[in-house]
>>> print(open('run14.cif').read())   # mmCIF, C-alpha atoms
data_coords
loop_
_atom_site.label_atom_id
_atom_site.label_comp_id
_atom_site.auth_asym_id
_atom_site.auth_seq_id
_atom_site.Cartn_x
_atom_site.Cartn_y
_atom_site.Cartn_z
CA MET W 1 -82.62 180.93 17.73
CA PRO W 2 -85.29 180.79 14.97
CA PRO W 3 -88.92 180.89 16.11
CA ALA W 4 -90.64 177.53 16.40
CA THR W 5 -92.93 176.56 13.54
CA PRO W 6 -96.53 176.83 14.77
CA VAL W 7 -98.42 173.56 15.05
CA LEU W 8 -101.41 173.62 12.72
CA PRO W 9 -104.74 172.14 13.82
CA ARG W 10 -105.96 168.90 12.28
CA MET W 11 -107.50 169.28 8.84
CA PRO W 12 -111.31 168.68 8.83
CA TRP W 13 -111.08 165.82 6.34
CA ALA W 14 -114.64 164.57 6.84
CA LEU W 15 -116.02 167.99 5.97
CA LEU W 16 -113.67 168.35 3.01
CA VAL W 17 -114.79 165.00 1.58
CA ALA W 18 -118.43 166.02 2.03
CA ALA W 19 -117.73 169.40 0.41
CA CYS W 20 -115.92 167.74 -2.51
CA LEU W 21 -118.94 165.45 -2.96
CA GLY W 22 -121.27 168.45 -2.87
CA MET W 23 -119.19 170.24 -5.53
CA PHE W 24 -119.19 167.04 -7.60
CA ALA W 25 -122.99 166.81 -7.42
CA ALA W 26 -123.45 170.49 -8.30
CA SER W 27 -121.16 170.25 -11.31
CA ALA W 28 -122.68 166.92 -12.40
CA SER W 29 -126.14 168.51 -12.54
CA GLY W 30 -125.05 170.31 -15.72
CA THR W 31 -122.02 168.61 -17.24
CA THR W 32 -123.51 165.09 -17.27
CA ARG W 33 -126.03 166.44 -19.79
CA ALA W 34 -123.30 166.61 -22.47
CA PRO W 35 -123.56 163.02 -23.81
CA PHE W 36 -127.35 163.25 -24.15
CA LEU W 37 -127.96 166.42 -26.15
CA ILE W 38 -129.31 164.53 -29.16
CA ASP W 39 -131.47 162.21 -27.04
CA MET W 40 -132.90 165.10 -25.06
CA ALA W 41 -133.64 167.11 -28.20
CA ARG W 42 -135.52 164.15 -29.66
CA ASP W 43 -137.49 163.40 -26.50
CA LEU W 44 -138.39 167.05 -25.89
CA ASP W 45 -139.17 167.76 -29.57
CA THR W 46 -136.66 170.59 -29.91
CA SER W 47 -133.24 171.31 -31.42
CA VAL W 48 -129.82 170.28 -30.13
CA ALA W 49 -128.79 173.96 -30.02
CA LEU W 50 -131.64 174.81 -27.63
CA VAL W 51 -130.80 171.88 -25.37
CA ALA W 52 -127.16 173.00 -25.34
CA ASN W 53 -128.34 176.46 -24.25
CA LEU W 54 -129.60 174.94 -21.01
CA MET W 55 -126.01 175.23 -19.77
CA ALA W 56 -126.05 179.00 -20.28
CA MET W 57 -129.33 179.27 -18.33
CA THR W 58 -127.86 177.16 -15.55
CA SER W 59 -124.69 179.27 -15.43
CA VAL W 60 -126.54 182.59 -15.16
CA ALA W 61 -128.80 181.27 -12.38
CA TRP W 62 -125.80 179.74 -10.61
CA GLY W 63 -123.90 183.02 -10.56
CA ALA W 64 -126.87 185.10 -9.40
CA ALA W 65 -127.79 182.66 -6.63
CA SER W 66 -124.19 182.49 -5.39
CA LEU W 67 -124.15 186.22 -4.78
CA MET W 68 -127.41 186.14 -2.80
CA ALA W 69 -126.55 182.94 -0.90
CA GLY W 70 -123.11 184.21 0.09
CA ALA W 71 -124.60 187.35 1.60
CA GLY W 72 -127.41 185.33 3.20
CA SER W 73 -124.98 182.89 4.81
CA ASP W 74 -123.19 185.81 6.48
CA ARG W 75 -126.49 186.95 7.98
CA TRP W 76 -128.22 183.70 8.91
CA GLY W 77 -125.45 181.13 8.97
CA ARG W 78 -124.07 178.73 6.38
CA ARG W 79 -125.79 175.51 7.42
CA PRO W 80 -129.24 176.20 5.89
CA PHE W 81 -127.58 176.72 2.52
CA LEU W 82 -125.16 173.79 2.85
CA VAL W 83 -128.02 171.36 3.47
CA GLY W 84 -130.96 173.06 1.76
CA GLY W 85 -129.09 173.75 -1.49
CA PRO W 86 -128.31 170.10 -2.30
CA VAL W 87 -131.83 169.02 -1.28
CA GLY W 88 -133.31 171.64 -3.62
CA LEU W 89 -130.94 170.49 -6.35
CA ALA W 90 -132.11 166.89 -5.90
CA VAL W 91 -135.76 167.91 -6.23
CA CYS W 92 -135.02 169.89 -9.39
CA MET W 93 -133.09 167.03 -10.99
CA VAL W 94 -136.06 164.70 -10.42
CA LEU W 95 -138.34 167.29 -12.02
CA VAL W 96 -135.97 167.60 -15.00
CA SER W 97 -136.15 163.83 -15.40
CA ARG W 98 -139.95 164.07 -15.61
CA ALA W 99 -140.04 167.03 -18.02
CA GLY W 100 -142.48 166.54 -20.89
CA SER W 101 -141.43 169.62 -22.86
CA TYR W 102 -138.42 171.83 -23.46
CA GLY W 103 -140.03 174.60 -21.42
CA GLU W 104 -140.28 172.36 -18.36
CA ALA W 105 -136.70 171.15 -18.77
CA ALA W 106 -135.47 174.74 -19.15
CA LEU W 107 -137.39 175.89 -16.06
CA TRP W 108 -136.14 173.16 -13.75
CA SER W 109 -132.59 173.22 -15.14
CA THR W 110 -132.45 176.94 -14.39
CA VAL W 111 -133.80 176.46 -10.87
CA ALA W 112 -131.29 173.62 -10.42
CA GLY W 113 -128.51 176.06 -11.33
CA GLY W 114 -129.84 178.42 -8.68
CA CYS W 115 -129.84 175.64 -6.08
CA ALA W 116 -126.26 174.72 -7.00
CA GLY W 117 -125.23 178.34 -6.66
CA ALA W 118 -126.94 178.48 -3.27
CA PHE W 119 -124.33 176.22 -1.71
CA THR W 120 -121.13 176.04 -3.80
CA GLY W 121 -119.73 179.39 -2.65
CA VAL W 122 -120.95 178.67 0.88
CA LEU W 123 -119.05 175.35 0.77
CA MET W 124 -115.81 177.23 0.28
CA ALA W 125 -116.67 179.68 3.05
CA GLU W 126 -117.35 176.79 5.45
CA ALA W 127 -114.10 175.03 4.54
CA SER W 128 -112.24 178.32 5.06
CA ALA W 129 -113.89 178.95 8.43
CA ARG W 130 -112.88 175.49 9.71
CA THR W 131 -109.21 175.88 8.76
CA VAL W 132 -106.50 178.40 9.53
CA ASP W 133 -104.88 180.59 6.90
CA ARG W 134 -101.98 178.23 6.12
CA GLN W 135 -104.34 175.29 5.56
CA ARG W 136 -106.82 176.99 3.27
CA GLY W 137 -104.95 176.47 0.02
CA ARG W 138 -105.07 172.69 0.46
CA ALA W 139 -108.62 172.70 1.86
CA LEU W 140 -110.03 174.76 -0.99
CA GLY W 141 -108.01 172.77 -3.50
CA TRP W 142 -109.73 169.58 -2.38
CA VAL W 143 -113.16 171.23 -2.51
CA MET W 144 -112.56 172.53 -6.03
CA ALA W 145 -111.30 169.11 -7.14
CA GLY W 146 -114.93 167.99 -7.10
CA GLN W 147 -115.54 169.90 -10.33
CA SER W 148 -112.62 168.24 -12.10
CA LEU W 149 -113.73 164.82 -10.89
CA THR W 150 -117.01 165.43 -12.69
CA LEU W 151 -115.15 165.64 -16.00
CA LEU W 152 -112.90 162.70 -15.18
CA VAL W 153 -115.47 160.36 -13.64
CA GLY W 154 -118.95 161.88 -13.78
CA VAL W 155 -119.40 162.40 -17.52
CA PRO W 156 -118.00 158.99 -18.59
CA ALA W 157 -120.06 157.28 -15.87
CA ALA W 158 -123.18 159.15 -16.97
CA ALA W 159 -122.62 158.07 -20.56
CA ALA W 160 -122.22 154.43 -19.49
CA ILE W 161 -125.22 154.47 -17.13
CA GLY W 162 -127.28 156.34 -19.71
CA THR W 163 -127.04 153.44 -22.13
CA LEU W 164 -129.09 151.45 -19.60
CA ILE W 165 -131.50 153.98 -18.10
CA GLY W 166 -131.39 156.96 -20.46
CA TRP W 167 -130.86 160.66 -19.74
CA ARG W 168 -133.87 160.80 -17.44
CA GLY W 169 -132.47 158.04 -15.25
CA VAL W 170 -129.09 159.79 -15.10
CA ASN W 171 -130.82 162.90 -13.72
CA VAL W 172 -132.36 160.76 -10.98
CA CYS W 173 -128.90 159.36 -10.16
CA VAL W 174 -127.57 162.92 -9.81
CA ALA W 175 -130.50 163.68 -7.49
CA VAL W 176 -129.54 160.74 -5.26
CA LEU W 177 -125.93 161.95 -5.26
CA ALA W 178 -127.09 165.42 -4.17
CA LEU W 179 -129.09 163.92 -1.30
CA VAL W 180 -126.03 161.97 -0.16
CA ALA W 181 -124.05 165.22 -0.25
CA ALA W 182 -126.75 166.98 1.78
CA ALA W 183 -126.69 164.23 4.42
CA SER W 184 -122.88 164.30 4.55
CA LEU W 185 -122.82 168.07 4.99
CA PHE W 186 -125.54 167.87 7.64
CA VAL W 187 -123.50 165.40 9.69
CA THR W 188 -120.12 167.12 9.27
CA THR W 189 -121.45 170.55 10.29
CA LEU W 190 -123.35 169.49 13.42
CA LYS W 191 -120.76 171.24 15.56
CA PRO W 192 -120.95 174.96 14.73
CA VAL W 193 -117.71 176.70 13.89
CA ASP W 194 -118.87 180.11 15.04
CA GLY W 195 -121.75 181.66 16.96
CA PRO W 196 -124.67 183.63 15.56
CA ARG W 197 -124.35 187.31 14.77
CA LYS W 198 -124.56 189.42 17.89
CA ALA W 199 -127.98 190.89 18.65
CA GLY W 200 -128.29 194.47 17.47
CA ALA W 201 -125.23 194.21 15.21
CA LYS W 202 -125.62 195.59 11.72
CA PRO W 203 -125.84 192.86 9.05
CA PRO W 204 -122.84 192.68 6.73
CA SER W 205 -123.27 194.74 3.56
CA LEU W 206 -122.06 194.23 0.03
CA ARG W 207 -120.19 197.53 0.25
CA ALA W 208 -118.28 196.30 3.31
CA ALA W 209 -117.22 193.17 1.44
CA LEU W 210 -116.11 194.96 -1.73
CA SER W 211 -112.84 196.44 -0.56
CA PRO W 212 -110.33 197.50 -3.25
CA ARG W 213 -108.28 194.38 -2.49
CA VAL W 214 -111.29 192.08 -2.92
CA LEU W 215 -112.23 193.78 -6.19
CA MET W 216 -108.69 193.21 -7.44
CA LEU W 217 -108.83 189.53 -6.44
CA LEU W 218 -112.20 189.12 -8.18
CA ALA W 219 -110.76 190.63 -11.37
CA MET W 220 -107.86 188.20 -11.15
CA GLY W 221 -110.37 185.36 -10.76
CA VAL W 222 -112.21 186.42 -13.93
CA ALA W 223 -108.92 186.44 -15.86
CA GLU W 224 -108.01 182.98 -14.54
CA ARG W 225 -111.44 181.53 -15.43
CA ILE W 226 -111.26 182.98 -18.95
CA CYS W 227 -107.85 181.35 -19.44
CA TYR W 228 -109.13 178.02 -18.14
CA GLY W 229 -112.44 178.22 -20.00
CA LEU W 230 -110.88 179.06 -23.37
CA THR W 231 -109.14 175.69 -23.28
CA ALA W 232 -111.69 173.63 -21.34
CA VAL W 233 -114.56 174.64 -23.62
CA TYR W 234 -112.71 174.37 -26.93
CA PHE W 235 -110.00 171.74 -26.37
CA ALA W 236 -112.06 168.88 -27.80
CA THR W 237 -113.09 170.96 -30.82
CA PHE W 238 -109.46 172.00 -31.32
CA LEU W 239 -108.33 168.38 -31.39
CA GLN W 240 -111.14 167.36 -33.73
CA SER W 241 -110.44 170.23 -36.12
CA THR W 242 -106.66 169.88 -36.09
CA TYR W 243 -106.31 166.09 -36.17
CA ALA W 244 -109.69 164.97 -37.57
CA LEU W 245 -110.56 162.97 -34.45
CA SER W 246 -113.98 161.49 -33.78
CA LEU W 247 -115.90 162.21 -30.61
CA GLY W 248 -114.87 158.83 -29.18
CA GLN W 249 -111.20 159.47 -29.93
CA VAL W 250 -111.10 162.65 -27.82
CA ALA W 251 -112.25 160.79 -24.69
CA LEU W 252 -108.71 159.88 -23.54
CA PRO W 253 -107.25 163.37 -24.19
CA LEU W 254 -110.12 164.90 -22.23
CA ALA W 255 -109.52 162.48 -19.35
CA LEU W 256 -105.84 163.48 -19.30
CA PHE W 257 -106.93 167.12 -19.37
CA ALA W 258 -109.11 166.53 -16.29
CA LEU W 259 -106.24 164.71 -14.54
CA GLY W 260 -103.99 167.68 -15.19
CA ASN W 261 -106.55 169.98 -13.62
CA ILE W 262 -106.88 167.79 -10.52
CA GLY W 263 -103.11 167.43 -10.15
CA GLY W 264 -102.50 171.14 -10.59
CA THR W 265 -105.19 172.01 -8.05
CA ILE W 266 -103.69 169.68 -5.43
CA ILE W 267 -100.12 170.89 -6.01
CA GLY W 268 -101.37 174.47 -6.07
CA GLY W 269 -102.98 173.96 -2.67
CA GLN W 270 -99.69 172.75 -1.25
CA LEU W 271 -97.83 175.74 -2.70
CA ALA W 272 -100.46 178.19 -1.44
CA ASP W 273 -99.93 176.95 2.12
CA ARG W 274 -96.17 176.46 2.05
CA LEU W 275 -94.98 179.52 0.10
CA ARG W 276 -95.28 182.86 1.82
CA ASP W 277 -96.31 185.03 -1.15
CA ARG W 278 -99.52 183.73 -2.68
CA MET W 279 -99.78 186.58 -5.19
CA LEU W 280 -96.34 185.77 -6.54
CA THR W 281 -97.34 182.10 -6.86
CA PHE W 282 -100.50 183.09 -8.74
CA ALA W 283 -98.61 185.47 -11.04
CA ALA W 284 -95.91 182.90 -11.86
CA ALA W 285 -98.46 180.19 -12.64
CA MET W 286 -100.54 182.50 -14.84
CA ALA W 287 -97.49 183.74 -16.74
CA ALA W 288 -96.28 180.16 -17.27
CA SER W 289 -99.72 179.10 -18.52
CA GLY W 290 -99.62 181.94 -21.06
CA VAL W 291 -96.31 180.63 -22.42
CA VAL W 292 -97.65 177.08 -22.68
CA ALA W 293 -100.82 178.35 -24.41
CA LEU W 294 -98.71 179.88 -27.18
CA ALA W 295 -97.10 176.49 -27.80
CA LEU W 296 -100.36 174.55 -27.45
CA PHE W 297 -102.27 176.48 -30.10
CA GLY W 298 -99.37 177.63 -32.25
CA TRP W 299 -97.30 174.47 -32.62
CA PRO W 300 -99.33 171.57 -34.09
CA ALA W 301 -96.45 169.10 -33.83
CA GLY W 302 -98.67 166.01 -33.65
CA LEU W 303 -101.44 164.57 -31.53
CA VAL W 304 -99.27 163.26 -28.69
CA PRO W 305 -97.28 166.50 -28.19
CA THR W 306 -100.50 168.53 -28.39
CA VAL W 307 -102.22 166.40 -25.76
CA ALA W 308 -99.09 166.65 -23.58
CA LEU W 309 -99.15 170.43 -23.95
CA GLY W 310 -102.87 170.46 -23.07
CA PHE W 311 -102.10 168.51 -19.90
CA ALA W 312 -99.22 170.88 -19.08
CA TYR W 313 -101.36 173.94 -19.72
CA VAL W 314 -104.24 172.97 -17.46
CA PHE W 315 -101.80 171.68 -14.80
CA VAL W 316 -99.94 175.01 -14.61
CA ASN W 317 -103.16 177.03 -14.83
CA ALA W 318 -104.74 175.04 -11.99
CA ILE W 319 -101.76 175.78 -9.72
CA ALA W 320 -102.83 179.43 -9.66
CA ARG W 321 -106.36 179.07 -8.33
CA PRO W 322 -105.78 177.73 -4.76
CA SER W 323 -103.47 180.68 -4.00
CA LEU W 324 -106.13 183.09 -5.25
CA MET W 325 -108.91 181.36 -3.31
CA ALA W 326 -106.86 181.24 -0.10
CA ALA W 327 -106.13 184.96 -0.44
CA MET W 328 -109.80 185.66 -1.08
CA ALA W 329 -110.84 183.64 1.98
CA ASN W 330 -108.49 185.66 4.19
CA VAL W 331 -111.17 188.25 5.00
CA PRO W 332 -113.21 188.85 8.17
CA ASP W 333 -115.55 185.94 8.86
CA GLU W 334 -118.63 188.16 8.83
CA VAL W 335 -118.17 188.88 5.09
CA ARG W 336 -116.43 185.67 3.99
CA GLY W 337 -119.59 184.10 2.60
CA THR W 338 -120.36 187.24 0.60
CA VAL W 339 -116.84 187.42 -0.83
CA LEU W 340 -116.68 183.75 -1.81
CA GLY W 341 -120.20 183.94 -3.23
CA LEU W 342 -119.04 186.87 -5.34
CA ASN W 343 -116.12 184.72 -6.46
CA VAL W 344 -118.52 182.11 -7.87
CA THR W 345 -120.55 184.87 -9.53
CA SER W 346 -117.46 186.41 -11.12
CA ALA W 347 -116.32 182.94 -12.22
CA SER W 348 -119.60 182.61 -14.14
CA PHE W 349 -118.74 185.81 -15.97
CA GLY W 350 -115.33 184.33 -16.72
CA TRP W 351 -116.91 181.23 -18.24
CA LEU W 352 -119.29 183.30 -20.35
CA GLY W 353 -116.37 185.50 -21.41
CA ALA W 354 -114.35 182.45 -22.44
CA ALA W 355 -117.23 181.05 -24.50
CA SER W 356 -117.91 184.35 -26.27
CA LEU W 357 -114.25 185.30 -26.84
CA GLY W 358 -113.49 181.82 -28.10
CA GLY W 359 -116.43 181.87 -30.49
CA TRP W 360 -115.40 185.30 -31.77
CA MET W 361 -111.81 184.14 -32.24
CA MET W 362 -112.84 180.97 -34.07
CA ALA W 363 -115.05 182.94 -36.45
CA GLY W 364 -112.31 185.51 -37.09
CA VAL W 365 -108.85 183.92 -37.24
CA GLY W 366 -109.41 180.34 -36.07
CA PHE W 367 -107.55 178.44 -33.38
CA GLY W 368 -104.30 180.17 -34.31
CA GLY W 369 -105.51 183.19 -32.38
CA PHE W 370 -106.25 181.25 -29.20
CA GLY W 371 -102.61 181.21 -28.06
CA PRO W 372 -102.05 185.00 -28.18
CA LEU W 373 -105.51 185.66 -26.71
CA THR W 374 -104.99 183.27 -23.80
CA ALA W 375 -101.46 184.55 -23.20
CA ALA W 376 -102.70 188.16 -23.13
CA VAL W 377 -105.40 187.40 -20.57
CA ALA W 378 -102.97 185.31 -18.50
CA LEU W 379 -100.44 188.14 -18.42
CA LEU W 380 -103.20 190.56 -17.46
CA GLY W 381 -104.07 188.33 -14.49
CA ALA W 382 -100.39 188.04 -13.54
CA GLY W 383 -99.98 191.81 -13.78
CA LEU W 384 -102.97 192.39 -11.51
CA ALA W 385 -101.43 190.01 -8.95
CA VAL W 386 -98.11 191.89 -9.02
CA PHE W 387 -99.95 195.21 -8.67
CA GLU W 388 -102.00 193.90 -5.71
CA ARG W 389 -98.83 192.61 -4.08
CA ARG W 390 -97.11 196.00 -4.35
CA ALA W 391 -100.19 197.90 -3.22
CA ARG W 392 -100.27 196.13 0.15
#
>>> encode(input="run14.cif", output="structure tokens")
Amino acid sequence: MPPATPVLPRMPWALLVAACLGMFAASASGTTRAPFLIDMARDLDTSVALVANLMAMTSVAWGAASLMAGAGSDRWGRRPFLVGGPVGLAVCMVLVSRAGSYGEAALWSTVAGGCAGAFTGVLMAEASARTVDRQRGRALGWVMAGQSLTLLVGVPAAAAIGTLIGWRGVNVCVAVLALVAAASLFVTTLKPVDGPRKAGAKPPSLRAALSPRVLMLLAMGVAERICYGLTAVYFATFLQSTYALSLGQVALPLALFALGNIGGTIIGGQLADRLRDRMLTFAAAMAASGVVALALFGWPAGLVPTVALGFAYVFVNAIARPSLMAAMANVPDEVRGTVLGLNVTSASFGWLGAASLGGWMMAGVGFGGFGPLTAAVALLGAGLAVFERRAR
């Protein structure tokens, strides 16, 4: 007689909604700046290129803060970061809205990135702690969907609202959203999921968190983020260069791209929880995304097929991440915050790698080289997953 299927506890949906909102607010603090680069440059008496560089400053601060916050949450608990991070983000966004110079905007945008990093990795640790192993793929998928919703809903809404209240008013709206996220996280974490660290126990160390398996998973995460970033950062430019589209004409393709990311993340969460071998799921999705990337950038068959391939690429790529995140969260609770904070930090390196590799490829051989480059990185990530699976 086969063993009975264990009954899983109820998913903490209220917390997951609050966490998704928090991730949405954190992502919106930077991405909603995109429609206003020219307006900000004019108001702050600087160049568009310098305003665009605010994203790089935000990303570096985000990654550094995630590392420190993850370790801090393992020592002192996650709640101070879950509530304090969004509150700090709200304050910074108000200060950005009142900036009178580029220097002020750069300072508070950087601090805002640090505040976002102070709670995004901790969000994933909290969601992992409140679910069991075979629920974490879905839970983390819903949390990560907040970032994709920013592209699908946040940026278009910011552009529409900005026509009425300008870029400064949009920053205030993001601040209000962050405060709502802070209140939601405060309410949904009133009941602690675990007790404080035992008196006299040694605090968790970075060395304890960085096991060979975790290092392998982090490397896989960098490969996955490079693959995603190469397309997410340059997809609009690729469409404009290949089909001579205007900025307004790429809005629908970008919305479909965001929908593909959301759909892939949700399906990937289901697969991560229902299929036994998460590393095999990750490897298959990465390998498939490499194949689609070759067609996407190497077969300009027309606008509609290219957009369909872009949707397919990001959908398949997004399937991989929940399996990786669920595997990464399957560590002792006393180092989970550190590990997931490191994941956000390594993801920042992946984004920077995608931007730099893509720029180098465009300057050298053009978009024709994006397919082989993306496929090579995807196969590297898949190979690491197979190696990790065999090493267990």
>>> residues_around(input="run14.cif", residues="Ala14 in chain W", least_positions_apart="3", cutoff="8 Å", atoms="all atoms listed in the file", output="JSON, numbers by chain")
{"W": [17, 18, 188]}
>>> resolve_selection(input="run14.cif", expression="the PyMOL selection byres ((chain W and resi 234-239) around 10)", output="number ranges by chain")
W: 229-233, 240-247, 249-251, 253-254, 257, 297, 300, 303, 306-307, 310, 354-355, 358-359, 362, 366-367, 370
>>> resolve_selection(input="run14.cif", expression="the PyMOL selection byres ((chain W and resi 8-12) around 8)", output="JSON list (two decimals) with C-alpha atoms, keeping the file's coordinate frame")
[["chain", "number", "residue", "atom", "x", "y", "z"],
["W", 6, "PRO", "CA", -96.53, 176.83, 14.77],
["W", 7, "VAL", "CA", -98.42, 173.56, 15.05],
["W", 13, "TRP", "CA", -111.08, 165.82, 6.34],
["W", 14, "ALA", "CA", -114.64, 164.57, 6.84],
["W", 15, "LEU", "CA", -116.02, 167.99, 5.97],
["W", 16, "LEU", "CA", -113.67, 168.35, 3.01],
["W", 130, "ARG", "CA", -112.88, 175.49, 9.71],
["W", 131, "THR", "CA", -109.21, 175.88, 8.76],
["W", 132, "VAL", "CA", -106.50, 178.40, 9.53],
["W", 135, "GLN", "CA", -104.34, 175.29, 5.56],
["W", 139, "ALA", "CA", -108.62, 172.70, 1.86]]
>>> closest_residue(input="run14.cif", among="W:Leu252, W:Val83, W:Leu152, W:Leu54", to="Val180 in chain W", atoms="only C-alpha atoms")
W:Val83
>>> residues_around(input="run14.cif", residues="Ala19 in chain W", least_positions_apart="5", cutoff="12 Å", atoms="all atoms listed in the file", output="PyMOL selection string")
chain W and resi 12-14+24-26+82-83+86+119-128+139-147+178+180-189
>>> resolve_selection(input="run14.cif", expression="the PyMOL selection byres ((chain W and resi 109) around 8)", output="list of chain:residue names")
W:Leu54, W:Met57, W:Thr58, W:Cys92, W:Met93, W:Val96, W:Ala105, W:Ala106, W:Leu107, W:Trp108, W:Thr110, W:Val111, W:Ala112, W:Gly113
>>> residues_around(input="run14.cif", residues="Arg278 in chain W", least_positions_apart="5", cutoff="8 Å", atoms="all atoms listed in the file", output="JSON, numbers by chain")
{"W": [272, 323, 324, 327]}
>>> residues_around(input="run14.cif", residues="Ile319 in chain W", least_positions_apart="3", cutoff="8 Å", atoms="only C-alpha atoms", output="number ranges by chain")
W: 264-269, 282, 285, 315-316, 322-323
>>> residues_near_point(input="run14.cif", point="(-103.3, 193.7, -15.2)", cutoff="12 Å", atoms="all atoms listed in the file", output="count of residues only")
24
>>> atom_distance(input="run14.cif", atom1="CA of Gly353 in chain W", atom2="CA of Thr374 in chain W")
11.8 Å
>>> atom_distance(input="run14.cif", atom1="CA of Ser97 in chain W", atom2="CA of Ser59 in chain W")
19.2 Å
>>> decode(input="run14.cif", residues="range 34-47 of chain W", atoms="N, CA and C atoms", output="PDB file, in the first residue's frame")
ATOM      1  N   ALA W  34      11.853  55.416 -15.040  1.00  0.00           N
ATOM      2  CA  ALA W  34      12.162  55.292 -16.463  1.00  0.00           C
ATOM      3  C   ALA W  34      11.439  56.300 -17.365  1.00  0.00           C
ATOM      4  N   PRO W  35      10.128  56.550 -17.185  1.00  0.00           N
ATOM      5  CA  PRO W  35       9.468  57.488 -18.107  1.00  0.00           C
ATOM      6  C   PRO W  35       9.856  58.951 -17.903  1.00  0.00           C
ATOM      7  N   PHE W  36      10.606  59.255 -16.844  1.00  0.00           N
ATOM      8  CA  PHE W  36      10.827  60.653 -16.475  1.00  0.00           C
ATOM      9  C   PHE W  36      12.295  61.088 -16.543  1.00  0.00           C
ATOM     10  N   LEU W  37      13.117  60.338 -17.272  1.00  0.00           N
ATOM     11  CA  LEU W  37      14.540  60.670 -17.311  1.00  0.00           C
ATOM     12  C   LEU W  37      14.769  62.074 -17.866  1.00  0.00           C
ATOM     13  N   ILE W  38      14.067  62.421 -18.920  1.00  0.00           N
ATOM     14  CA  ILE W  38      14.251  63.741 -19.529  1.00  0.00           C
ATOM     15  C   ILE W  38      13.751  64.837 -18.594  1.00  0.00           C
ATOM     16  N   ASP W  39      12.575  64.623 -17.985  1.00  0.00           N
ATOM     17  CA  ASP W  39      12.022  65.621 -17.068  1.00  0.00           C
ATOM     18  C   ASP W  39      12.923  65.807 -15.849  1.00  0.00           C
ATOM     19  N   MET W  40      13.439  64.727 -15.320  1.00  0.00           N
ATOM     20  CA  MET W  40      14.326  64.832 -14.160  1.00  0.00           C
ATOM     21  C   MET W  40      15.614  65.552 -14.519  1.00  0.00           C
ATOM     22  N   ALA W  41      16.178  65.221 -15.679  1.00  0.00           N
ATOM     23  CA  ALA W  41      17.413  65.885 -16.111  1.00  0.00           C
ATOM     24  C   ALA W  41      17.193  67.391 -16.252  1.00  0.00           C
ATOM     25  N   ARG W  42      16.058  67.787 -16.784  1.00  0.00           N
ATOM     26  CA  ARG W  42      15.778  69.213 -16.941  1.00  0.00           C
ATOM     27  C   ARG W  42      15.581  69.886 -15.585  1.00  0.00           C
ATOM     28  N   ASP W  43      14.818  69.267 -14.710  1.00  0.00           N
ATOM     29  CA  ASP W  43      14.552  69.877 -13.401  1.00  0.00           C
ATOM     30  C   ASP W  43      15.802  69.955 -12.530  1.00  0.00           C
ATOM     31  N   LEU W  44      16.673  68.961 -12.650  1.00  0.00           N
ATOM     32  CA  LEU W  44      17.866  68.901 -11.803  1.00  0.00           C
ATOM     33  C   LEU W  44      19.098  69.494 -12.478  1.00  0.00           C
ATOM     34  N   ASP W  45      18.908  70.045 -13.676  1.00  0.00           N
ATOM     35  CA  ASP W  45      19.982  70.721 -14.416  1.00  0.00           C
ATOM     36  C   ASP W  45      21.174  69.790 -14.627  1.00  0.00           C
ATOM     37  N   THR W  46      20.893  68.607 -15.184  1.00  0.00           N
ATOM     38  CA  THR W  46      21.953  67.648 -15.449  1.00  0.00           C
ATOM     39  C   THR W  46      21.630  66.916 -16.746  1.00  0.00           C
ATOM     40  N   SER W  47      22.390  65.876 -17.064  1.00  0.00           N
ATOM     41  CA  SER W  47      22.188  65.133 -18.307  1.00  0.00           C
ATOM     42  C   SER W  47      21.308  63.908 -18.078  1.00  0.00           C
TER      43      SER W  47
END
